[in-house]
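S.K.: Mind having a look at this structure? Questions to follow.
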Amino acid sequence: MKKERFLFLSLICCLFLSGCGYKDIDNRYFVVGLGIDIPENEEMKYKVTLKLAIPSAQIKAGENEFVLEREEAESLAEAVRLIKSRVNKELDFGHAKSILLGDGIVKQYVKDELEWLMRRRDIQKIAWIMNASPSADEILKLKPKSERIPGNTLFLMFGENGTETAYIHPKFLFEFYREMKNEGVSAVLPTVVKDKDDELMAVKGAVIFDNEKESLRLSKEEAMLYNALCKGEDKSAFRIKADDYFFVISTDTIKGTYKINNGNKKSPYVDFKVNIIGTLEESDKNLSNEHFERYNRLAEKQFEDEVKKLLEKFRENGVDPFGFGMKYRANHFNNDTELKEWEELYPKIEFKVKADVKIKGTGVIE
Amino acid sequence: MFKSRYYYYLIFLNMLANIVVFVPRILLDDRRNGALSAMLIAIPLGLMISYFFTKFMSKFPGKGLPEVLKEVGFPKFLTVPLIGLTALLWFSAGILALLAFTDITKRFINPDIGVLYIALLFLLLVVWASKLPTEKVLYLLEIVLIVNVPVIAFLFLKAIMNDALSWPDMTEASTYIMNIPSFDSLAATTYIFTGYINIVIFNRVFNEKINMRPFIFVIFIGIGVVLTTFFIPIGYFGFDGVGEFNFPWITATDAIRIEFGFVERVFFVFLLLYIGVALINVIVHWHVGLELILSILPEQKKKKKFKWLTKDLIVLLIIASIYMFIQFYMDETTVFKLGEWWLRLRMPNEYILVLAIILYVWRKRR
């Protein structure tokens, strides 16, 4: 009797559970791209562009229907609420896997924007964040022909399910947050640009942040080298120039490792080692199998120069995308002073680059 | 006839549930002020106390703490406050876990549903289940753990194996090892090892001596849990950025991505699994609290009216209404402060109780 009464009571309680919190999937608009730009109206602070997917019954190439909603407001939250007031369905950020920051935004401090993105529970911390050049709006507007699901191009490019190349350096929102907050490492964002052909987008170069705003832009070659060294992005190709010919190494593995040596306070240096194993892919001269050693030396020489140039460029601009500073902090126990020490040390640090290239073969033909 | 595996379930339950009850946040807030050194002290301390108390209790097979105290002739005027205090500590453990998890549910699982409904739903289950006979609570615990733990363990592994985990940040955190240990962190870490206290009631169903040989696994798993609790959020959000999260560990699971695992955003899978763990944790704690209180309350007189309103239900309803009161009249910050204070008070209280009982019995035997 007691149990039945309890059951009955709990059933009664269920009656109070009015309208369920869930909205049906056809009453939702899925945001697949979130863009933040500088507004045209100077009184406002942000221009938010949302790419809203329109679901289609069949998935076919070219059926990537979407709506772009733009709104300018004093704050990001307001802009999103204003967009909400204009659409007929509930906005769902659960699929907002690409976040684009326009050129104008990265030139300012991106602190508040980042905090908003991290604070929102529905924005994935594993969303890809990138810099969109010239503006997020321009990139979100694009409608590549091969796209089958709206917004999918960026997901495939960054998700490494589709194309894989060292030119693309995917960055998750939480990684960007970590790099922005940490002293001793500079945040890096990949740059997405509109290609000449109006339908396509391309990842070219990268932006390096210092003190929460843009400080240095990398060209696509520099970005590629950085990605290859930093992430061990192995699907890259390097062109090695010799006196009157060239050859291209396609890398199987590439690894950059470094050690900071400040035993000698007067001339501290970073020992940077690059290990590359690869195959020959292309050349304008018949290369003989017997001379691999010579090609190795040639490639090593060129890598050493290029890497050193890149590292010195970073040092000159006062940025530290490899996180040497973090490494320095991690290896020192004087936690109160180590950061200051490093900041004094970094401008005068030397780089000793040592490359080790091993060409394993010549591909399918000799 | 009860196998000793149930004892180990109780210990592991607390280890899993620490993520919910503010332990990671307290540790991470202290990351520059001696969290790590406190953790190193807490690990042997927590393990030793649990080992000795379990040994002590298994000398009285089939008897809970109230019966043991009666048997050894512990002074009556001390028994009542001693048991009352333990019960109070354990009820508040449940209340805090429930408060935190209501908050998590509201924030991450379904923000559209009212807190009242979440609270009622949880209370209905918890109140009903903590009134179950002691064996049945253990069966329930076993089922929940067997269903959830393999997947949770997989996700833990996935979190550690992630490429995006930043090792320099974690090494930097470990360079703070020489700091003076912080009391808050010590108290928070010992919570991870406090599952043994449940034996004060559950010993009633352990008719045989508990097999202490598997305790060696408790040592290893305990150390692993303490380290992951502290280091995983640092690895994901960076040493400098990690201090800004309300639920660092739960947010950290949002940084794990399983590309082809049905749900890419593992976060939600993790939360759904944790509902089970958090609620069974509350059920176990309230069950222990209830049984302790019942042992010091006078016998109930036979009533004619309101027969269903037994005294265990009255106790639970009082506790539930305290929970409801805090839920509706206090904000998140206050709840966190309460949690912090509870952890601070818990450790000394618990250890004094345990030592007092062991010492009393030991002296009496001499």
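By convention here, the chains of the structure tokens are called A, B, ... in the order presented, each chain's residues are numbered starting at 1, and ligands are numbered starting at 1 in the order presented.
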Using only C-alpha atoms, which residues sit within 12 Å of region 246-255 of chain A once same-chain residues fewer than 3 positions away are excluded, as a PyMOL selection string?
M.R.: chain A and resi 165-166+225-243+258+272-288+292+295-296+298-300+302-303+354-363
S.K.: Restrict the calculation to only C-alpha atoms, then for each residue of region 7-30 of chain B with any atom at most 8 Å from an atom of region 170-187 of chain B give the closest atom pair and their distance in Å to one decimal, rows by chain and rising residue number, as a tab-separated table.
M.R.:
```
residue	atom	partner	partner_atom	distance
B:Ile26	CA	B:Ser185	CA	6.4
B:Leu27	CA	B:Ser185	CA	5.4
B:Asp30	CA	B:Ser185	CA	6.9
```
S.K.: Atoms to include: N, CA and C atoms. Write the selected residues as a compact mmCIF listing (two decimals), in the first residue's frame.
M.R.:
```txt
# COMPACT_ATOMS: atom_id res chain seq x y z
N ILE B 26 39.30 23.59 -6.19
CA ILE B 26 40.09 24.02 -5.04
C ILE B 26 41.58 23.78 -5.29
N LEU B 27 41.87 22.61 -5.83
CA LEU B 27 43.27 22.30 -6.11
C LEU B 27 43.85 23.27 -7.13
N ASP B 30 44.66 26.68 -5.98
CA ASP B 30 45.87 26.68 -5.15
C ASP B 30 47.12 26.29 -5.91
```
S.K.: Between B:Ile152, B:Val137, B:Ile256, B:Leu294, single out the one closest to chain A, counting only C-alpha atoms.
M.R.: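 Looking only at the distances to chain A, the closest residue turns out to be B:Ile256.
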S.K.: Neighbouring residues of Val218 (chain B) were defined as those with any atom within 9 Å, considering only C-alpha atoms; residues of the same chain fewer than 3 positions away were excluded. Please report them as a list in words.
M.R.: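 The residues that qualify are Tyr8, Ile11, Phe12, Leu47, Pro214, Phe215, Ile221, Gly222 and Ile223 of chain B.
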S.K.: Go ahead and save the residues from that selection, with N, CA and C atoms, as a CSV table (one decimal), in the first residue's frame.
M.R.:
```
chain,number,residue,atom,x,y,z
B,8,TYR,N,35.4,-2.2,-2.0
B,8,TYR,CA,36.2,-1.4,-3.0
B,8,TYR,C,35.4,-0.5,-3.9
B,11,ILE,N,35.0,2.7,-2.2
B,11,ILE,CA,36.2,3.6,-2.2
B,11,ILE,C,36.3,4.2,-3.6
B,12,PHE,N,36.1,3.4,-4.7
B,12,PHE,CA,36.2,4.0,-6.0
B,12,PHE,C,35.1,5.0,-6.3
B,47,LEU,N,45.4,7.2,2.4
B,47,LEU,CA,45.5,5.8,2.3
B,47,LEU,C,45.6,5.1,3.6
B,214,PRO,N,43.5,-6.7,-2.2
B,214,PRO,CA,43.4,-5.7,-3.4
B,214,PRO,C,43.6,-4.3,-3.0
B,215,PHE,N,43.9,-4.0,-1.8
B,215,PHE,CA,44.1,-2.6,-1.4
B,215,PHE,C,45.2,-2.0,-2.1
B,221,ILE,N,45.4,3.3,-8.1
B,221,ILE,CA,44.3,4.0,-8.7
B,221,ILE,C,44.2,5.4,-8.1
B,222,GLY,N,44.3,5.4,-6.7
B,222,GLY,CA,44.2,6.6,-6.0
B,222,GLY,C,45.2,7.7,-6.4
B,223,ILE,N,46.4,7.3,-6.6
B,223,ILE,CA,47.5,8.2,-7.0
B,223,ILE,C,47.1,8.7,-8.4
```
S.K.: Which of these, B:Val200, B:Leu155, B:Ala119, B:Leu316, has the shortest distance to Leu69 (chain B) once you count only C-alpha atoms?
M.R.: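 Ranking B:Val200, B:Leu155, B:Ala119, B:Leu316 by distance to Leu69 (chain B), first place goes to B:Val200.
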S.K.: Please report as JSON, numbers by chain which residues of chain B come no farther than 8 Å from chain A, using only C-alpha atoms.
M.R.: {"B": [107, 108, 110, 111, 112, 113, 117, 124, 164, 168, 169, 170, 171, 172, 173, 175, 176, 236, 237, 238, 239, 240, 241, 254, 255, 256, 257, 265, 308]}
S.K.: Could those residues be written to a file, using N, CA and C atoms, as an mmCIF file, in the first residue's frame?
M.R.:
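As written to disk, part.cif reads:
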```
data_model
loop_
_atom_site.group_PDB
_atom_site.id
_atom_site.type_symbol
_atom_site.label_atom_id
_atom_site.label_comp_id
_atom_site.auth_asym_id
_atom_site.auth_seq_id
_atom_site.Cartn_x
_atom_site.Cartn_y
_atom_site.Cartn_z
ATOM 1 N N ARG B 107 23.214 23.831 -16.328
ATOM 2 C CA ARG B 107 24.083 24.584 -17.216
ATOM 3 C C ARG B 107 24.397 23.843 -18.493
ATOM 4 N N PHE B 108 24.722 22.557 -18.375
ATOM 5 C CA PHE B 108 25.268 21.879 -19.543
ATOM 6 C C PHE B 108 24.283 20.949 -20.239
ATOM 7 N N ASN B 110 20.578 20.642 -19.899
ATOM 8 C CA ASN B 110 19.368 21.259 -20.431
ATOM 9 C C ASN B 110 19.096 22.599 -19.769
ATOM 10 N N PRO B 111 19.560 23.673 -20.357
ATOM 11 C CA PRO B 111 19.393 24.989 -19.728
ATOM 12 C C PRO B 111 17.956 25.489 -19.767
ATOM 13 N N ASP B 112 17.099 24.834 -20.563
ATOM 14 C CA ASP B 112 15.734 25.344 -20.690
ATOM 15 C C ASP B 112 14.817 24.839 -19.587
ATOM 16 N N ILE B 113 15.232 23.807 -18.882
ATOM 17 C CA ILE B 113 14.368 23.221 -17.865
ATOM 18 C C ILE B 113 14.568 23.972 -16.545
ATOM 19 N N TYR B 117 12.404 21.467 -11.359
ATOM 20 C CA TYR B 117 12.131 20.133 -11.893
ATOM 21 C C TYR B 117 13.339 19.226 -11.756
ATOM 22 N N LEU B 124 13.536 12.822 -5.841
ATOM 23 C CA LEU B 124 12.639 11.673 -5.867
ATOM 24 C C LEU B 124 13.439 10.384 -5.885
ATOM 25 N N ALA B 164 46.622 17.190 -27.958
ATOM 26 C CA ALA B 164 46.492 18.612 -27.659
ATOM 27 C C ALA B 164 46.850 18.932 -26.209
ATOM 28 N N PRO B 168 54.403 21.004 -21.427
ATOM 29 C CA PRO B 168 55.130 22.060 -20.708
ATOM 30 C C PRO B 168 54.300 22.696 -19.599
ATOM 31 N N ASP B 169 52.996 22.845 -19.830
ATOM 32 C CA ASP B 169 52.153 23.431 -18.786
ATOM 33 C C ASP B 169 52.109 22.535 -17.552
ATOM 34 N N MET B 170 52.020 21.243 -17.800
ATOM 35 C CA MET B 170 51.941 20.325 -16.666
ATOM 36 C C MET B 170 53.275 20.275 -15.925
ATOM 37 N N THR B 171 54.364 20.350 -16.678
ATOM 38 C CA THR B 171 55.676 20.378 -16.013
ATOM 39 C C THR B 171 55.829 21.663 -15.206
ATOM 40 N N GLU B 172 55.343 22.749 -15.791
ATOM 41 C CA GLU B 172 55.411 24.017 -15.057
ATOM 42 C C GLU B 172 54.644 23.901 -13.741
ATOM 43 N N ALA B 173 53.487 23.258 -13.785
ATOM 44 C CA ALA B 173 52.713 23.072 -12.552
ATOM 45 C C ALA B 173 53.505 22.272 -11.533
ATOM 46 N N THR B 175 56.640 22.300 -11.083
ATOM 47 C CA THR B 175 57.777 23.010 -10.483
ATOM 48 C C THR B 175 57.359 23.756 -9.214
ATOM 49 N N TYR B 176 56.069 23.757 -8.919
ATOM 50 C CA TYR B 176 55.614 24.412 -7.681
ATOM 51 C C TYR B 176 55.604 23.433 -6.507
ATOM 52 N N TYR B 236 44.987 21.025 -20.550
ATOM 53 C CA TYR B 236 44.089 21.513 -21.591
ATOM 54 C C TYR B 236 43.969 23.029 -21.619
ATOM 55 N N PHE B 237 43.883 23.650 -20.463
ATOM 56 C CA PHE B 237 43.597 25.085 -20.472
ATOM 57 C C PHE B 237 44.810 25.930 -20.111
ATOM 58 N N GLY B 238 45.931 25.292 -19.906
ATOM 59 C CA GLY B 238 47.151 26.040 -19.641
ATOM 60 C C GLY B 238 47.290 26.404 -18.181
ATOM 61 N N PHE B 239 48.521 26.521 -17.740
ATOM 62 C CA PHE B 239 48.764 26.787 -16.332
ATOM 63 C C PHE B 239 48.194 28.139 -15.914
ATOM 64 N N ASP B 240 48.292 29.120 -16.778
ATOM 65 C CA ASP B 240 47.824 30.454 -16.395
ATOM 66 C C ASP B 240 46.322 30.617 -16.581
ATOM 67 N N GLY B 241 45.731 29.856 -17.487
ATOM 68 C CA GLY B 241 44.328 30.082 -17.808
ATOM 69 C C GLY B 241 43.360 29.197 -17.050
ATOM 70 N N ASP B 254 35.257 18.750 -22.397
ATOM 71 C CA ASP B 254 34.776 19.343 -23.644
ATOM 72 C C ASP B 254 35.924 19.534 -24.632
ATOM 73 N N ALA B 255 37.146 19.342 -24.173
ATOM 74 C CA ALA B 255 38.288 19.482 -25.066
ATOM 75 C C ALA B 255 38.687 18.146 -25.684
ATOM 76 N N ILE B 256 37.956 17.093 -25.338
ATOM 77 C CA ILE B 256 38.266 15.783 -25.911
ATOM 78 C C ILE B 256 37.367 15.573 -27.117
ATOM 79 N N ARG B 257 37.964 15.077 -28.173
ATOM 80 C CA ARG B 257 37.178 14.887 -29.376
ATOM 81 C C ARG B 257 37.393 13.461 -29.851
ATOM 82 N N ARG B 265 31.461 15.273 -29.845
ATOM 83 C CA ARG B 265 31.720 16.032 -28.636
ATOM 84 C C ARG B 265 31.495 15.126 -27.437
ATOM 85 N N TRP B 308 2.453 5.984 6.840
ATOM 86 C CA TRP B 308 3.520 6.004 5.825
ATOM 87 C C TRP B 308 4.629 6.983 6.184
#
```
S.K.: Which residues are near Phe156 (chain B)? Cut-off 10 Å, only C-alpha atoms, ignore same chain within fewer than 6 positions. Put them as a PyMOL selection string.
M.R.: chain B and resi 150+225+228+232+253+256+270
S.K.: Would you put the residues from that selection into a file with N, CA and C atoms, as an mmCIF file, in the first residue's frame?
M.R.:
```cif
data_model
loop_
_atom_site.group_PDB
_atom_site.id
_atom_site.type_symbol
_atom_site.label_atom_id
_atom_site.label_comp_id
_atom_site.auth_asym_id
_atom_site.auth_seq_id
_atom_site.Cartn_x
_atom_site.Cartn_y
_atom_site.Cartn_z
ATOM 1 N N PRO B 150 33.485 1.455 -17.220
ATOM 2 C CA PRO B 150 34.323 1.160 -18.388
ATOM 3 C C PRO B 150 34.391 2.334 -19.359
ATOM 4 N N VAL B 225 44.171 8.905 -9.819
ATOM 5 C CA VAL B 225 43.023 9.805 -9.800
ATOM 6 C C VAL B 225 43.440 11.197 -9.319
ATOM 7 N N THR B 228 45.398 12.909 -12.170
ATOM 8 C CA THR B 228 44.582 13.349 -13.309
ATOM 9 C C THR B 228 43.660 14.488 -12.900
ATOM 10 N N ILE B 232 45.099 17.182 -15.627
ATOM 11 C CA ILE B 232 44.405 17.183 -16.915
ATOM 12 C C ILE B 232 43.848 18.575 -17.265
ATOM 13 N N THR B 253 36.611 18.014 -20.211
ATOM 14 C CA THR B 253 36.148 16.926 -21.076
ATOM 15 C C THR B 253 35.571 17.455 -22.375
ATOM 16 N N ILE B 256 37.956 17.093 -25.338
ATOM 17 C CA ILE B 256 38.266 15.783 -25.911
ATOM 18 C C ILE B 256 37.367 15.573 -27.117
ATOM 19 N N PHE B 270 30.097 12.037 -21.465
ATOM 20 C CA PHE B 270 30.711 12.082 -20.143
ATOM 21 C C PHE B 270 29.713 12.560 -19.088
#
```
S.K.: Quick one, how far is CA of Tyr269 (chain A) from CA of Glu350 (chain A)?
M.R.: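 Computed distance, CA of Tyr269 (chain A) to CA of Glu350 (chain A), equals 4.4 Å.
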S.K.: Between CA of Leu68 (chain A) and CA of Gly33 (chain A), what is the distance, to one decimal in Å?
M.R.: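 Answer for the CA of Leu68 (chain A) to CA of Gly33 (chain A) separation: 9.4 Å.
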S.K.: Work out how far CA of Val20 (chain B) is from CA of Trp341 (chain B), in Å to one decimal.
M.R.: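 Between CA of Trp341 (chain B) and CA of Val20 (chain B) the gap works out to 15.6 Å.
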S.K.: Based on the backbone DSSP call, show me all residues of region 79-272 of chain B assigned alpha helix (DSSP H), as a ChimeraX atom specification.
M.R.: /B:79-104,115-130,134-161,167-174,183-192,199-202,215-237,248-252,266-272
S.K.: Quick one: DSSP strand (DSSP E) residues in region 149-292 of chain A, as a VMD selection string?
M.R.: chain A and resid 188 to 194 201 to 210 213 to 218 237 to 241 246 to 261 269 to 283
S.K.: B:Tyr7, B:Leu359, B:Leu16, B:Gly339: which is nearest Gly224 (chain B), counting only C-alpha atoms?
M.R.: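 Checking each candidate against Gly224 (chain B), we get B:Leu16 as the closest.
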S.K.: Near Leu76 (chain A), counting only C-alpha atoms, which residues have an atom at most 8 Å away, once you skip same-chain residues fewer than 2 positions from it, shown as a list in words?
M.R.: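 Listed by chain and then number, they are Tyr46, Val48, Ala73, Glu74, Glu78, Ala79, Val80, Glu113 and Trp116 of chain A.
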S.K.: What would the file look like if the residues just selected were written as a tab-separated table (two decimals), in the first residue's frame with C-alpha atoms?
M.R.:
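As a result, part-v4.tsv now contains:
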```tsv
chain	number	residue	atom	x	y	z
A	46	TYR	CA	30.97	44.05	-33.31
A	48	VAL	CA	28.37	39.12	-35.92
A	73	ALA	CA	25.76	45.56	-31.78
A	74	GLU	CA	27.68	46.80	-28.79
A	78	GLU	CA	23.31	41.45	-27.91
A	79	ALA	CA	24.11	40.77	-31.55
A	80	VAL	CA	23.16	37.12	-31.15
A	113	GLU	CA	35.54	37.87	-27.56
A	116	TRP	CA	32.46	35.15	-24.43
```
S.K.: Env of region 211-221 of chain A: 6 Å cut, atoms = only C-alpha atoms, seq-sep filter 2 positions within chain, self excluded. Answer as a PyMOL selection string.
M.R.: chain A and resi 106-110+204-209+223-224
S.K.: Find the residue from B:Leu88, B:Val288, B:Ile43, B:Leu317 that sits nearest to Ile201 (chain B); use only C-alpha atoms when measuring.
M.R.: B:Val288
S.K.: Need to verify the contact set: Lys55 (chain B), 10 Å, only C-alpha atoms, exclusion of same-chain residues closer than 3 positions in sequence. Can you return it as a ChimeraX atom specification?
M.R.: /B:49-52,58-60,209-212
